[in-house]
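This is query.txt (compact mmCIF, C-alpha atoms).
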```
# COMPACT_ATOMS: atom_id res chain seq x y z
CA ASP A 1 6.74 -24.45 -6.56
CA GLY A 2 6.34 -22.65 -3.29
CA GLY A 3 2.86 -21.69 -2.30
CA ILE A 4 0.01 -21.78 0.14
CA THR A 5 -2.66 -24.47 -0.03
CA GLN A 6 -6.14 -24.35 1.41
CA SER A 7 -8.37 -27.36 1.60
CA PRO A 8 -11.05 -28.26 0.94
CA LYS A 9 -12.20 -25.80 -1.72
CA TYR A 10 -15.85 -26.29 -0.79
CA LEU A 11 -17.16 -27.41 2.59
CA PHE A 12 -20.66 -28.03 3.83
CA ARG A 13 -21.50 -28.15 7.50
CA LYS A 14 -24.62 -28.86 9.44
CA GLU A 15 -25.64 -26.37 12.07
CA GLY A 16 -24.14 -27.17 15.46
CA GLN A 17 -21.06 -28.88 14.07
CA ASN A 18 -17.47 -27.75 14.32
CA VAL A 19 -15.42 -27.81 11.14
CA THR A 20 -11.70 -27.30 10.51
CA LEU A 21 -10.25 -25.55 7.48
CA SER A 22 -6.73 -26.45 6.47
CA CYS A 23 -3.97 -24.01 5.48
CA GLU A 24 -0.46 -25.17 4.62
CA GLN A 25 2.46 -23.15 3.23
CA ASN A 26 5.92 -24.12 2.02
CA LEU A 27 7.22 -20.58 1.63
CA ASN A 28 9.08 -20.61 4.95
CA HIS A 29 6.98 -17.65 6.05
CA ASP A 30 6.78 -16.91 9.75
CA ALA A 31 3.43 -15.13 9.73
CA MET A 32 0.07 -16.58 8.78
CA TYR A 33 -3.40 -15.04 8.69
CA TRP A 34 -7.04 -16.04 8.38
CA TYR A 35 -9.58 -13.73 6.76
CA ARG A 36 -13.29 -14.01 6.22
CA GLN A 37 -14.82 -12.50 3.10
CA ASP A 38 -18.50 -11.67 2.73
CA PRO A 39 -20.05 -9.84 -0.23
CA GLY A 40 -19.68 -6.09 0.16
CA GLN A 41 -17.66 -6.34 3.38
CA GLY A 42 -14.15 -6.81 2.11
CA LEU A 43 -11.69 -8.86 4.13
CA ARG A 44 -12.05 -9.18 7.88
CA LEU A 45 -9.19 -10.56 9.95
CA ILE A 46 -10.07 -13.52 12.18
CA TYR A 47 -6.73 -14.61 13.66
CA TYR A 48 -3.07 -14.19 12.90
CA SER A 49 0.16 -15.78 14.02
CA GLN A 50 3.67 -14.41 13.84
CA ILE A 51 5.47 -17.43 15.23
CA VAL A 52 4.90 -21.06 16.10
CA ASN A 53 2.82 -21.64 19.24
CA ASP A 54 1.64 -18.04 19.33
CA PHE A 55 -1.35 -16.31 17.75
CA GLN A 56 -3.49 -13.21 18.23
CA LYS A 57 -7.15 -12.44 17.77
CA GLY A 58 -8.10 -10.30 14.85
CA ASP A 59 -11.21 -8.21 14.45
CA ILE A 60 -13.81 -11.01 14.39
CA ALA A 61 -12.35 -13.91 16.41
CA GLU A 62 -15.54 -14.89 18.24
CA GLY A 63 -16.69 -18.38 17.28
CA TYR A 64 -13.33 -19.32 15.77
CA SER A 65 -10.19 -21.03 17.07
CA VAL A 66 -6.74 -21.67 15.63
CA SER A 67 -3.53 -23.49 16.41
CA ARG A 68 0.04 -23.03 15.22
CA GLU A 69 1.96 -26.14 16.15
CA LYS A 70 4.09 -26.08 13.02
CA LYS A 71 5.48 -23.22 10.99
CA GLU A 72 3.88 -24.60 7.84
CA SER A 73 0.37 -25.08 9.17
CA PHE A 74 -2.32 -22.77 10.56
CA PRO A 75 -5.69 -24.57 10.72
CA LEU A 76 -8.88 -22.67 11.50
CA THR A 77 -11.77 -24.26 13.37
CA VAL A 78 -15.20 -22.77 12.90
CA THR A 79 -17.12 -23.69 16.02
CA SER A 80 -20.82 -24.04 16.62
CA ALA A 81 -20.61 -20.72 18.50
CA GLN A 82 -20.09 -18.85 15.22
CA LYS A 83 -23.59 -17.62 14.46
CA ASN A 84 -23.22 -16.98 10.75
CA PRO A 85 -20.36 -19.08 9.44
CA THR A 86 -21.34 -19.24 5.77
CA ALA A 87 -18.58 -17.28 4.00
CA PHE A 88 -15.45 -17.47 1.88
CA TYR A 89 -12.34 -18.03 4.03
CA LEU A 90 -8.90 -16.94 2.92
CA CYS A 91 -5.56 -17.90 4.42
CA ALA A 92 -2.43 -15.84 3.81
CA SER A 93 1.21 -15.85 4.81
CA SER A 94 4.10 -13.41 4.80
CA PRO A 95 7.58 -12.95 6.18
CA THR A 96 7.49 -11.05 9.44
CA THR A 97 8.75 -7.50 9.71
CA GLY A 98 12.23 -6.74 10.89
CA GLY A 99 13.60 -5.65 7.56
CA ARG A 100 11.02 -7.44 5.46
CA ALA A 101 8.02 -5.20 5.87
CA ASN A 102 8.11 -4.53 2.15
CA TYR A 103 6.71 -8.00 1.52
CA GLY A 104 3.01 -8.35 1.06
CA TYR A 105 0.93 -11.44 1.61
CA THR A 106 0.68 -14.61 -0.39
CA PHE A 107 -2.89 -15.89 -0.41
CA GLY A 108 -4.36 -19.34 -0.72
CA SER A 109 -7.21 -19.99 -3.14
CA GLY A 110 -9.83 -20.01 -0.40
CA THR A 111 -12.41 -22.32 1.14
CA ARG A 112 -16.10 -21.68 0.67
CA LEU A 113 -18.01 -22.83 3.74
CA THR A 114 -21.75 -23.32 3.60
CA VAL A 115 -23.92 -24.19 6.56
CA VAL A 116 -26.84 -26.39 5.61
CA ALA B 1 -4.70 3.97 13.57
CA GLN B 2 -4.06 2.50 10.16
CA SER B 3 -6.83 2.36 7.61
CA VAL B 4 -7.55 2.25 3.92
CA ALA B 5 -10.53 3.67 2.06
CA GLN B 6 -11.71 2.70 -1.38
CA PRO B 7 -14.45 5.24 -2.02
CA GLU B 8 -16.04 3.46 -4.96
CA ASP B 9 -17.72 0.09 -4.58
CA GLN B 10 -17.95 -0.23 -8.36
CA VAL B 11 -16.12 1.20 -11.34
CA ASN B 12 -17.43 0.67 -14.85
CA VAL B 13 -15.37 1.46 -17.94
CA ALA B 14 -15.49 0.63 -21.63
CA GLU B 15 -12.80 -1.57 -23.11
CA GLY B 16 -9.92 0.48 -24.47
CA ASN B 17 -10.58 3.41 -22.17
CA PRO B 18 -8.29 4.32 -19.26
CA LEU B 19 -9.31 3.15 -15.82
CA THR B 20 -8.69 4.42 -12.32
CA VAL B 21 -9.48 2.67 -9.05
CA LYS B 22 -9.11 5.00 -6.09
CA CYS B 23 -7.48 4.37 -2.73
CA THR B 24 -6.66 6.65 0.19
CA TYR B 25 -4.86 5.63 3.35
CA SER B 26 -4.13 6.69 6.89
CA VAL B 27 -0.97 5.67 8.76
CA SER B 28 1.23 7.36 11.31
CA GLY B 29 4.49 6.87 9.44
CA ASN B 30 5.63 6.33 5.88
CA PRO B 31 3.33 3.74 4.35
CA TYR B 32 3.97 0.57 2.47
CA LEU B 33 1.12 0.27 -0.04
CA PHE B 34 -0.16 -2.67 -2.04
CA TRP B 35 -2.76 -3.51 -4.67
CA TYR B 36 -4.27 -6.95 -5.05
CA VAL B 37 -6.76 -8.40 -7.54
CA GLN B 38 -9.30 -11.14 -6.91
CA TYR B 39 -11.13 -13.17 -9.54
CA PRO B 40 -14.34 -15.01 -8.57
CA ASN B 41 -13.86 -17.81 -6.04
CA ARG B 42 -10.12 -17.30 -5.98
CA GLY B 43 -7.56 -15.91 -3.58
CA LEU B 44 -6.03 -12.47 -3.92
CA GLN B 45 -3.16 -11.98 -6.34
CA PHE B 46 -0.45 -9.38 -5.88
CA LEU B 47 -0.42 -6.60 -8.50
CA LEU B 48 2.08 -4.03 -7.30
CA LYS B 49 3.51 -2.23 -4.29
CA TYR B 50 4.99 1.07 -3.26
CA ILE B 51 7.76 0.99 -0.67
CA THR B 52 9.96 3.96 -1.48
CA GLY B 53 11.42 5.81 -4.43
CA ASP B 54 9.59 6.76 -7.62
CA ASN B 55 5.99 7.71 -6.97
CA LEU B 56 4.81 5.89 -10.09
CA VAL B 57 4.92 2.15 -9.61
CA LYS B 58 4.45 -0.34 -12.43
CA GLY B 59 3.04 -3.78 -11.81
CA SER B 60 1.55 -6.84 -13.41
CA TYR B 61 -0.81 -6.92 -16.44
CA GLY B 62 -0.04 -3.31 -17.43
CA PHE B 63 -1.29 -1.77 -14.20
CA GLU B 64 0.43 1.11 -12.47
CA ALA B 65 -0.25 3.15 -9.36
CA GLU B 66 0.72 6.63 -8.30
CA PHE B 67 1.69 7.37 -4.73
CA ASN B 68 0.73 10.89 -3.63
CA LYS B 69 1.91 11.66 -0.12
CA SER B 70 0.21 15.05 0.19
CA GLN B 71 -3.15 13.57 -0.76
CA THR B 72 -2.47 10.25 1.03
CA SER B 73 -3.58 8.41 -2.06
CA PHE B 74 -2.44 5.41 -4.07
CA HIS B 75 -4.74 5.17 -7.08
CA LEU B 76 -4.53 2.20 -9.42
CA LYS B 77 -4.47 3.00 -13.13
CA LYS B 78 -4.29 1.38 -16.53
CA PRO B 79 -4.08 3.28 -19.82
CA SER B 80 -6.31 0.90 -21.79
CA ALA B 81 -8.76 -1.44 -20.04
CA LEU B 82 -9.44 -5.01 -21.11
CA VAL B 83 -12.57 -7.06 -20.50
CA SER B 84 -10.32 -9.55 -18.70
CA ASP B 85 -9.43 -6.83 -16.15
CA SER B 86 -12.93 -7.21 -14.71
CA ALA B 87 -12.38 -8.32 -11.10
CA LEU B 88 -12.40 -7.17 -7.48
CA TYR B 89 -9.50 -4.93 -6.52
CA PHE B 90 -8.15 -4.38 -3.01
CA CYS B 91 -5.83 -1.70 -1.73
CA ALA B 92 -3.80 -2.42 1.42
CA VAL B 93 -1.43 -0.52 3.69
CA ARG B 94 1.21 -1.43 6.24
CA ASP B 95 2.96 0.88 8.66
CA PRO B 96 6.43 -0.65 8.97
CA ARG B 97 6.91 1.02 12.34
CA GLY B 98 3.58 -0.09 13.70
CA SER B 99 3.04 -2.41 16.64
CA THR B 100 0.73 -4.74 14.76
CA LEU B 101 3.57 -6.99 13.68
CA GLY B 102 3.32 -6.52 9.97
CA ARG B 103 -0.39 -6.75 9.54
CA LEU B 104 -1.82 -5.39 6.28
CA TYR B 105 -4.97 -3.31 6.46
CA PHE B 106 -7.28 -3.80 3.48
CA GLY B 107 -9.88 -1.58 1.90
CA ARG B 108 -13.36 -2.94 1.27
CA GLY B 109 -12.62 -3.60 -2.37
CA THR B 110 -13.74 -2.08 -5.67
CA GLN B 111 -15.51 -4.16 -8.30
CA LEU B 112 -14.18 -3.22 -11.72
CA THR B 113 -16.32 -4.05 -14.73
CA VAL B 114 -14.95 -3.48 -18.22
CA TRP B 115 -17.62 -3.49 -20.95
CA PRO B 116 -16.76 -4.73 -24.44
```
Could you render the structure as structure tokens?
Amino acid sequence: DGGITQSPKYLFRKEGQNVTLSCEQNLNHDAMYWYRQDPGQGLRLIYYSQIVNDFQKGDIAEGYSVSREKKESFPLTVTSAQKNPTAFYLCASSPTTGGRANYGYTFGSGTRLTVV
Amino acid sequence: AQSVAQPEDQVNVAEGNPLTVKCTYSVSGNPYLFWYVQYPNRGLQFLLKYITGDNLVKGSYGFEAEFNKSQTSFHLKKPSALVSDSALYFCAVRDPRGSTLGRLYFGRGTQLTVWP
């Protein structure tokens, strides 16, 4: 089955450490997205990528970094510069526009990051 | 600018009663509109979408939504609520002519609680 996989499901990090969240898709989607979800704040876009080796900052990119070396993979690194990293992180993918704007996103099941 | 508003943080309804979750949007062109549902500690699941055509759209699990261009609304409805419908619901919009390369804009979410 095609889908999008996030790992791990739960992640604990000590303050001052960087941590990388994995996101892999086998849907052949060009675009991938990272969102952060906090209670009562909905979804906030961190980074997105429309094509391999290219990505753009979203609304809350500070303290985060990404790479897009392969079409299938879009890992997110939460750096020590992120002041409040404890949150639920969601990865999504979609075909790009250009005749396919009627597609929505397919979401992964999320990673819950806790700073201890 | 594109945006989505979900004016109610919470909606409570008794099982068997009809439910409505409200959504209004703002885009410069004709919108593509989506509803997603999220269960605790899970990713978002697609419910339904409006692209063009009939203003009443039917989706998964008996949900439907009505597109109203004059009121810029896309309210989610279900004739008879189930306890299992209790979840967090997100409305999203995309302007297919926009320069943001297919990005979806999400509302803050509405927590639906169905009482037995």
Subject >> Proximal residues of chain A relative to chain B (all atoms listed in the file; 8 Å) as a list in words >> reply: Gly40, Gln41, Gly42, Leu43, Gln50, Leu90, Thr96, Thr97, Ala101, Asn102, Gly104, Tyr105, Thr106, Phe107, Gly108, Ser109 and Gly110 of chain A
**OP:** Find the residues around Gln6 of chain B up to 6 Å (all atoms listed in the file counted), leave out those fewer than 2 positions away in its own chain, and share them as JSON, numbers by chain.
**Re:** {"B": [8, 22, 23, 107]}
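Atom CA of Leu45 of chain A sits 27.3 Å away from atom CA of Asn68 of chain B.
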Original post:
At what distance in Å, to one decimal, does atom CA of Tyr103 of chain A lie from atom CA of Asn28 of chain A?
Top reply: 13.3 Å
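Here atom CA of Tyr47 of chain A and atom CA of Cys91 of chain B stand 20.1 Å from one another.
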Original post:
Using only C-alpha atoms, which residues sit within 6 Å of Ser80 of chain A once same-chain residues fewer than 2 positions away are excluded, as a list in words?
Top reply: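 Once the nearby chain positions are removed, what remains is Gly16, Gln17, Asn18 and Gln82 of chain A.
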